[in-house]
Amino acid sequence: MELTNYLGLAAILFAIGSATVLLRRNSIVVFMGIELMLNATNLVLVTFARMHGDITGQLLAFFVMVVAAAEVVVGLAIIITIFRARRSASVDDVNLLQS
Amino acid sequence: MQTLALAPWLVATPSLGAAILLLAGRRTDRWGHWVGVLASAATFVVGLVMLLDMFGMAPEERVAHHTVGTWVDAGALHVDLGFQIDPLSMTFVMLVTFVGTLIHVYSVAYMSHDLDRRRFFAYLNLFVAAMLLLVLADSYLVLFVGWEGVGLASFLLIGFWDHERVNAVAGKKAFVMNRVGDMGLLVAMMLMLATFGAVDFETVIGASAQGAPGASQAVMIAIGLMLLLAACGKSAQFPLQAWLGDAMAGPTPVSALIHAATMVTAGVYLLVRSGPVLEAAPDAQLVVAIVGAVTLLFGAIVGCAKDDIKKTLAASTMSQIGYMMLAAGLGPVGYAFAIFHLITHGFFKAGLFLGAGSVMHAMGDTVDMRRFGGLARLLPVTTITMGLGWLAILGVPPFSGFYSKDKIIEAAFMGEGWRPWVFGFAALLGAGITAYYMSRLFFMTFAGRRRWASDGPDAPHPHEAPALMVWPMIVLAVGSAGLGFALNVGDGFVHWLEPVVGHTEHHEPVLPVWLLIALTLVLVVLGAALAFRQYAMSAVPTTPPHAHALVRAARVDLHQDDVNEALVMRPGQYLTRALVYSDRTAVDAGWLGLAGGIGRFGDRLRRLQSGYVRQYAAQTLGGLAVIAVVVWLLSGQVG
């Protein structure tokens with residue numbers, strides 16, 4: 001099986017993830033889109049590690065996973081706090097930081 | 001010279017008096033004026049001790065320096081705070097402290113009803129200190145400190161009664177016109193630094209006396225003309241003469257001390273001190289003589305038409321200083337006589353001013369001579385003292401003016417070509433006009449019928465002044481009468497100044513001396529007789545009668561203020577207005593426009609911050625895409 005197919009899959013996953021972030025308003029769903037983009041990135045890292053026979057890429061993928069896990073914890077906490085305060089999970093309602 | 005170390009005390013003593021009076025404030029109101037008198041008198045005593053010491057020395061040893069310390073030490077520029085003690089500076093010390101002390105005493109009585117008498121004496125002491133620093137300095141820079149100090153004191157004292165706007169304006173006018181002259185002195189000093197590398201008398205005058213090697217004629221002329229400009233500002237000479245008449249707004253003792261006897265003669269001192277500099281630039285020297293001749297006629301003509309007793313005396317001062325300037329511009333032959341006339345003038349003009357103050361005291365501060373008349377019987381002492389001053393300024397032998405002014409007229413007739421004729425006859429004519437207007441003043445005030453209201457609530461009750469005012473007048477009158485003769489015995493004063501101004505061979509005037517003396521006396525008698533006929537024999541109208549164009553012009557100082565306003569003030573105002581306008585429309589508008597543009601740009605940029613997270617995400621993604629495309633294109637090119 002061609003390794004480049006993994007890259008294609010990663011690109012498709014990244015596109016779906018970014019489209020989710022850009023198009024959906026629910027912050028939980030946006031969050032899922034971000035996770036999808038992170039995993040697409042991980043896939044690219046692992047694939048290239050395999051292609052070049054270099055373990056660094058795989059190592060980096062673990063780092064990304066750890067950081068992503070931490071980010072999920074903090075991010076979900078923020079989303080819940082905002083939801084409690086404003087009874088809304090829409091990212092478009094949180095636009096206080098503007099000009 | 002053993003007493004040389006006393007020199008700093010000449011400046012320190014009156015400074016101390018001024019400092020005590022100004023710093024201690026109202027606490028010294030009750031006795032402060034006596035502190036002022038004491039400081040001035042003590043300075044006179046110090047000066048006298050030094051003078052007596054100087055008398056005991058050989059003439060060539062009489063020029064000495066006393067250096068207190070280094071003042072400025074910056075690379076090539078080195079200026080010491082030093083004092084020049086020589087017959088010329090000691091002459092001035094004696095004039096300033098002697099006349100100054102008399103006027104201090106006079107002021108104790110004259111200003112006795114003034115609530116601010118203490119402040120007045122503080123300023124007088126400040127003036128004496130600054131004037132002594134001016135004449136004792138051994139470099140132009142130290143002289144300049146005194147020069148500015150007397151200007152400040154003059155400003156403060158002219159505007160002393162500044163609760164009346166006209167007095168404050170007069171003070172400001174004097175200050176501003178003096179600043180114009182001060183610029184001249186500054187530029188002269190800069191030229192000296194550039195040319196000789198120093199500003200002390202020894203270097204500058206020493207080099208000039210040897211023909212100023214290394215300096216071009218143009219630079220020497222520029223230095224000479226700038227020194228003349230400085231002298232014109234301080235001494236109220238044409239074309240910077242307009243402030244002196246207005247300066248009469250100050251109290252009369254101030255007019256006597258500052259605007260007659262001492263400060264206004266500082267310009268003459270400067271030029272005589274800088275004599276060799278001017279001799280190295282004969283063209284500048286000629287301009288000095290011309291300025292002197294023009295001013296002596298200008299002042300004399302103005303004096304003929306003024307009805308204000310003080311302004312008549314001011315015009316006369318201007319004219320007499322014109323004589324001194326003329327003498328200073330004649331070269332070494334005139335220096336000694338310029339100073340000689342300066343000394344005698346200091347006595348008789350101070351005496352005349354104090355007399356005028358006494359008359360004003362008697363007449364309830366009226367200065368209009370058309371409202372005087374017939375005061376001789378009521379003010380006998382004032383009449384006699386002013387009479388002696390009057391005879392002295394007329395140059396009637398054997399009074400002071402005869403010895404000093406006639407020598408200047410004689411010197412003006414020396415030389416070759418057209419100069420002796422022009423300068424000589426200007427000086428001669430000036431003597432005749434002087435006789436006319438001073439006699440006019442004397443007769444209008446003391447002779448004829450009384451022209452003041454003798455009844456009614458505001459009627460003055462003329463009475464002789466108190467003793468403190470009368471005695472200084474008597475002393476000055478004695479000086480006016482006898483000083484010229486005393487200083488002239490065996491050419492004593494001329495020999496006394498020789499260590500400073502140098503010895504000059506005797507020249508013969510283009511007309512014989514006896515003829516000149518006779519001509520002068522004839523003109524003086526004619527002028528006095530004309531004034532006697534007009535103002536003593538016939539009735540004087542109490543309002544100025546209609547007169548021909550010259551008299552009308554002279555009444556307004558030959559339109560000096562109109563000329564200044566038209567030539568300098570208004571163009572200056574237009575220039576500043578144009579500058580302000582162009583600053584606003586070009587410079588300010590440019591920078592404000594630029595700032596506004598940046599602000600508007602930032603405003604646009606701010607709209608990108610919408611607060612919508614998804615928009616930021618899209619921007620990030622878009623940016624990423626752009627970077628990716630650029631990297632791809634670049635790598636394609638490299639590959």
# chains A, B, ... in the order shown; residues from 1 in each chain; ligands from 1

$ interface_residues --of "chain B" --to "chain A" --cutoff "6 Å" --atoms "only C-alpha atoms" --output "number ranges by chain"
B: 606, 609-612, 614

$ residues_around --residues "Val475 in chain B" --least-positions-apart "2" --cutoff "10 Å" --atoms "only C-alpha atoms" --output "number ranges by chain"
B: 99, 102, 347, 351, 385, 470-473, 477-481

$ write_last_selection --atoms "N, CA and C atoms" --output "short mmCIF file (atom, residue, chain, number, x, y, z; two decimals), in the first residue's frame"
data_model
loop_
_atom_site.label_atom_id
_atom_site.label_comp_id
_atom_site.auth_asym_id
_atom_site.auth_seq_id
_atom_site.Cartn_x
_atom_site.Cartn_y
_atom_site.Cartn_z
N VAL B 99 28.39 110.54 42.91
CA VAL B 99 27.07 111.02 42.49
C VAL B 99 26.00 110.06 42.99
N LEU B 102 25.20 110.69 46.65
CA LEU B 102 24.40 111.91 46.80
C LEU B 102 22.94 111.64 46.44
N PHE B 347 28.00 115.56 36.68
CA PHE B 347 27.70 116.44 37.81
C PHE B 347 26.58 117.42 37.46
N GLY B 351 22.73 117.28 38.77
CA GLY B 351 22.26 118.43 39.54
C GLY B 351 20.98 119.01 38.96
N THR B 385 21.05 126.42 42.56
CA THR B 385 21.75 125.21 42.16
C THR B 385 21.47 124.88 40.70
N VAL B 470 18.11 119.09 49.55
CA VAL B 470 18.81 120.33 49.18
C VAL B 470 20.32 120.13 49.18
N TRP B 471 20.85 119.41 50.18
CA TRP B 471 22.30 119.31 50.28
C TRP B 471 22.94 118.59 49.10
N PRO B 472 22.39 117.44 48.64
CA PRO B 472 22.99 116.84 47.43
C PRO B 472 22.98 117.80 46.25
N MET B 473 21.89 118.59 46.14
CA MET B 473 21.83 119.56 45.04
C MET B 473 22.95 120.59 45.15
N ALA B 477 25.92 121.19 42.59
CA ALA B 477 26.05 122.52 41.99
C ALA B 477 27.48 123.04 42.13
N VAL B 478 28.08 122.76 43.30
CA VAL B 478 29.48 123.17 43.48
C VAL B 478 30.35 122.45 42.46
N GLY B 479 30.07 121.14 42.27
CA GLY B 479 30.81 120.39 41.25
C GLY B 479 30.60 120.96 39.87
N SER B 480 29.34 121.30 39.55
CA SER B 480 29.06 121.87 38.24
C SER B 480 29.85 123.14 38.01
N ALA B 481 29.99 123.89 39.08
CA ALA B 481 30.66 125.18 38.94
C ALA B 481 32.17 125.01 38.84
#

$ atom_distance --atom1 "CA of His259 in chain B" --atom2 "CA of Gly322 in chain B"
14.0 Å

$ atom_distance --atom1 "CA of Gly572 in chain B" --atom2 "CA of Trp147 in chain B"
25.9 Å

$ atom_distance --atom1 "CA of Met131 in chain B" --atom2 "CA of Ser255 in chain B"
15.0 Å

$ closest_residue --among "A:Ala70, A:Ala10, A:Leu60, A:Leu76" --to "Leu36 in chain A" --atoms "only C-alpha atoms"
A:Ala10

$ residues_around --residues "range 555-559 of chain B" --least-positions-apart "3" --cutoff "7 Å" --atoms "only C-alpha atoms" --output "ChimeraX atom specification"
/B:302,305-306,551-552,562-563

$ write_last_selection --atoms "N, CA, C and O atoms" --output "PDB file, in the first residue's frame"
ATOM      1  N   VAL B 302      15.067 118.346  19.539  1.00  0.00           N
ATOM      2  CA  VAL B 302      13.926 117.857  20.313  1.00  0.00           C
ATOM      3  C   VAL B 302      13.786 118.659  21.607  1.00  0.00           C
ATOM      4  O   VAL B 302      12.681 119.034  21.999  1.00  0.00           O
ATOM      5  N   ALA B 305      11.601 121.924  21.844  1.00  0.00           N
ATOM      6  CA  ALA B 305      10.146 121.957  21.695  1.00  0.00           C
ATOM      7  C   ALA B 305       9.400 121.277  22.830  1.00  0.00           C
ATOM      8  O   ALA B 305       8.188 121.366  22.898  1.00  0.00           O
ATOM      9  N   LYS B 306      10.136 120.587  23.717  1.00  0.00           N
ATOM     10  CA  LYS B 306       9.450 119.835  24.765  1.00  0.00           C
ATOM     11  C   LYS B 306       8.974 120.774  25.873  1.00  0.00           C
ATOM     12  O   LYS B 306       9.685 121.707  26.261  1.00  0.00           O
ATOM     13  N   VAL B 551       8.796 122.515  14.620  1.00  0.00           N
ATOM     14  CA  VAL B 551       8.465 122.495  16.047  1.00  0.00           C
ATOM     15  C   VAL B 551       7.484 121.373  16.328  1.00  0.00           C
ATOM     16  O   VAL B 551       7.617 120.639  17.314  1.00  0.00           O
ATOM     17  N   ARG B 552       6.485 121.228  15.421  1.00  0.00           N
ATOM     18  CA  ARG B 552       5.504 120.157  15.638  1.00  0.00           C
ATOM     19  C   ARG B 552       6.192 118.798  15.611  1.00  0.00           C
ATOM     20  O   ARG B 552       5.887 117.914  16.399  1.00  0.00           O
ATOM     21  N   ASP B 562       7.181 106.928  15.270  1.00  0.00           N
ATOM     22  CA  ASP B 562       6.515 106.565  14.018  1.00  0.00           C
ATOM     23  C   ASP B 562       7.484 105.848  13.094  1.00  0.00           C
ATOM     24  O   ASP B 562       7.140 104.853  12.454  1.00  0.00           O
ATOM     25  N   VAL B 563       8.727 106.395  13.026  1.00  0.00           N
ATOM     26  CA  VAL B 563       9.725 105.768  12.148  1.00  0.00           C
ATOM     27  C   VAL B 563      10.022 104.351  12.612  1.00  0.00           C
ATOM     28  O   VAL B 563      10.037 103.407  11.824  1.00  0.00           O
TER      29      VAL B 563
END

$ residues_around --residues "range 44-55 of chain A" --least-positions-apart "4" --cutoff "8 Å" --atoms "only C-alpha atoms" --output "ChimeraX atom specification"
/A:3,6-7,10,40,59-61

$ write_last_selection --atoms "all heavy atoms" --output "PDB file, in the first residue's frame"
ATOM      1  N   LEU A   3       2.240   4.711   0.811  1.00  0.00           N
ATOM      2  CA  LEU A   3       2.211   5.575   1.999  1.00  0.00           C
ATOM      3  C   LEU A   3       1.566   6.933   1.711  1.00  0.00           C
ATOM      4  O   LEU A   3       1.025   7.583   2.595  1.00  0.00           O
ATOM      5  CB  LEU A   3       3.634   5.777   2.523  1.00  0.00           C
ATOM      6  CG  LEU A   3       4.203   4.593   3.318  1.00  0.00           C
ATOM      7  CD1 LEU A   3       5.657   4.817   3.629  1.00  0.00           C
ATOM      8  CD2 LEU A   3       3.427   4.378   4.598  1.00  0.00           C
ATOM      9  N   TYR A   6      -1.897   7.712   2.884  1.00  0.00           N
ATOM     10  CA  TYR A   6      -2.092   8.238   4.243  1.00  0.00           C
ATOM     11  C   TYR A   6      -2.083   9.758   4.249  1.00  0.00           C
ATOM     12  O   TYR A   6      -2.843  10.408   4.964  1.00  0.00           O
ATOM     13  CB  TYR A   6      -1.007   7.714   5.188  1.00  0.00           C
ATOM     14  CG  TYR A   6      -1.140   6.225   5.464  1.00  0.00           C
ATOM     15  CD1 TYR A   6      -0.366   5.286   4.810  1.00  0.00           C
ATOM     16  CD2 TYR A   6      -2.077   5.795   6.402  1.00  0.00           C
ATOM     17  CE1 TYR A   6      -0.513   3.933   5.062  1.00  0.00           C
ATOM     18  CE2 TYR A   6      -2.225   4.428   6.647  1.00  0.00           C
ATOM     19  CZ  TYR A   6      -1.442   3.499   5.989  1.00  0.00           C
ATOM     20  OH  TYR A   6      -1.597   2.180   6.232  1.00  0.00           O
ATOM     21  N   LEU A   7      -1.183  10.307   3.420  1.00  0.00           N
ATOM     22  CA  LEU A   7      -1.108  11.768   3.343  1.00  0.00           C
ATOM     23  C   LEU A   7      -2.403  12.328   2.794  1.00  0.00           C
ATOM     24  O   LEU A   7      -2.921  13.342   3.248  1.00  0.00           O
ATOM     25  CB  LEU A   7       0.068  12.197   2.464  1.00  0.00           C
ATOM     26  CG  LEU A   7       1.466  11.922   3.033  1.00  0.00           C
ATOM     27  CD1 LEU A   7       2.539  12.425   2.083  1.00  0.00           C
ATOM     28  CD2 LEU A   7       1.634  12.569   4.391  1.00  0.00           C
ATOM     29  N   ALA A  10      -4.904  12.200   5.465  1.00  0.00           N
ATOM     30  CA  ALA A  10      -4.637  13.284   6.436  1.00  0.00           C
ATOM     31  C   ALA A  10      -5.145  14.609   5.909  1.00  0.00           C
ATOM     32  O   ALA A  10      -5.771  15.406   6.634  1.00  0.00           O
ATOM     33  CB  ALA A  10      -3.142  13.363   6.730  1.00  0.00           C
ATOM     34  N   ALA A  40      -5.150  14.752  12.129  1.00  0.00           N
ATOM     35  CA  ALA A  40      -4.649  14.736  10.757  1.00  0.00           C
ATOM     36  C   ALA A  40      -3.157  15.059  10.761  1.00  0.00           C
ATOM     37  O   ALA A  40      -2.340  14.413  10.081  1.00  0.00           O
ATOM     38  CB  ALA A  40      -5.423  15.740   9.919  1.00  0.00           C
ATOM     39  N   LEU A  59       7.727  10.307  17.559  1.00  0.00           N
ATOM     40  CA  LEU A  59       7.919  10.906  18.885  1.00  0.00           C
ATOM     41  C   LEU A  59       7.097  12.179  19.027  1.00  0.00           C
ATOM     42  O   LEU A  59       6.397  12.411  20.010  1.00  0.00           O
ATOM     43  CB  LEU A  59       9.410  11.205  19.065  1.00  0.00           C
ATOM     44  CG  LEU A  59       9.905  11.319  20.498  1.00  0.00           C
ATOM     45  CD1 LEU A  59       9.719   9.989  21.220  1.00  0.00           C
ATOM     46  CD2 LEU A  59      11.351  11.748  20.523  1.00  0.00           C
ATOM     47  N   LEU A  60       7.180  12.994  17.990  1.00  0.00           N
ATOM     48  CA  LEU A  60       6.475  14.270  17.996  1.00  0.00           C
ATOM     49  C   LEU A  60       4.971  14.050  18.096  1.00  0.00           C
ATOM     50  O   LEU A  60       4.262  14.822  18.771  1.00  0.00           O
ATOM     51  CB  LEU A  60       6.830  15.039  16.720  1.00  0.00           C
ATOM     52  CG  LEU A  60       6.631  16.552  16.786  1.00  0.00           C
ATOM     53  CD1 LEU A  60       7.416  17.135  17.976  1.00  0.00           C
ATOM     54  CD2 LEU A  60       7.099  17.205  15.504  1.00  0.00           C
ATOM     55  N   ALA A  61       4.476  12.964  17.442  1.00  0.00           N
ATOM     56  CA  ALA A  61       3.051  12.669  17.476  1.00  0.00           C
ATOM     57  C   ALA A  61       2.581  12.440  18.916  1.00  0.00           C
ATOM     58  O   ALA A  61       1.507  12.886  19.301  1.00  0.00           O
ATOM     59  CB  ALA A  61       2.753  11.449  16.611  1.00  0.00           C
TER      60      ALA A  61
END

$ decode --residues "range 2-13 of chain A" --atoms "N, CA and C atoms" --output "JSON list (two decimals), in the first residue's frame"
[["chain", "number", "residue", "atom", "x", "y", "z"],
["A", 2, "GLU", "N", 0.48, 2.18, -0.84],
["A", 2, "GLU", "CA", 1.28, 3.41, -0.96],
["A", 2, "GLU", "C", 1.14, 4.27, 0.29],
["A", 3, "LEU", "N", 2.24, 4.71, 0.81],
["A", 3, "LEU", "CA", 2.21, 5.58, 2.00],
["A", 3, "LEU", "C", 1.57, 6.93, 1.71],
["A", 4, "THR", "N", 1.64, 7.37, 0.44],
["A", 4, "THR", "CA", 1.08, 8.69, 0.08],
["A", 4, "THR", "C", -0.42, 8.73, 0.31],
["A", 5, "ASN", "N", -1.07, 7.52, 0.27],
["A", 5, "ASN", "CA", -2.51, 7.51, 0.54],
["A", 5, "ASN", "C", -2.81, 8.03, 1.93],
["A", 6, "TYR", "N", -1.90, 7.71, 2.88],
["A", 6, "TYR", "CA", -2.09, 8.24, 4.24],
["A", 6, "TYR", "C", -2.08, 9.76, 4.25],
["A", 7, "LEU", "N", -1.18, 10.31, 3.42],
["A", 7, "LEU", "CA", -1.11, 11.77, 3.34],
["A", 7, "LEU", "C", -2.40, 12.33, 2.79],
["A", 8, "GLY", "N", -2.94, 11.65, 1.78],
["A", 8, "GLY", "CA", -4.23, 12.08, 1.20],
["A", 8, "GLY", "C", -5.32, 12.04, 2.25],
["A", 9, "LEU", "N", -5.36, 10.92, 3.02],
["A", 9, "LEU", "CA", -6.36, 10.80, 4.08],
["A", 9, "LEU", "C", -6.21, 11.93, 5.09],
["A", 10, "ALA", "N", -4.90, 12.20, 5.47],
["A", 10, "ALA", "CA", -4.64, 13.28, 6.44],
["A", 10, "ALA", "C", -5.15, 14.61, 5.91],
["A", 11, "ALA", "N", -4.94, 14.86, 4.60],
["A", 11, "ALA", "CA", -5.40, 16.14, 4.00],
["A", 11, "ALA", "C", -6.91, 16.22, 4.08],
["A", 12, "ILE", "N", -7.59, 15.09, 3.78],
["A", 12, "ILE", "CA", -9.06, 15.09, 3.81],
["A", 12, "ILE", "C", -9.54, 15.36, 5.24],
["A", 13, "LEU", "N", -8.90, 14.68, 6.22],
["A", 13, "LEU", "CA", -9.28, 14.88, 7.62],
["A", 13, "LEU", "C", -9.08, 16.33, 8.04]]
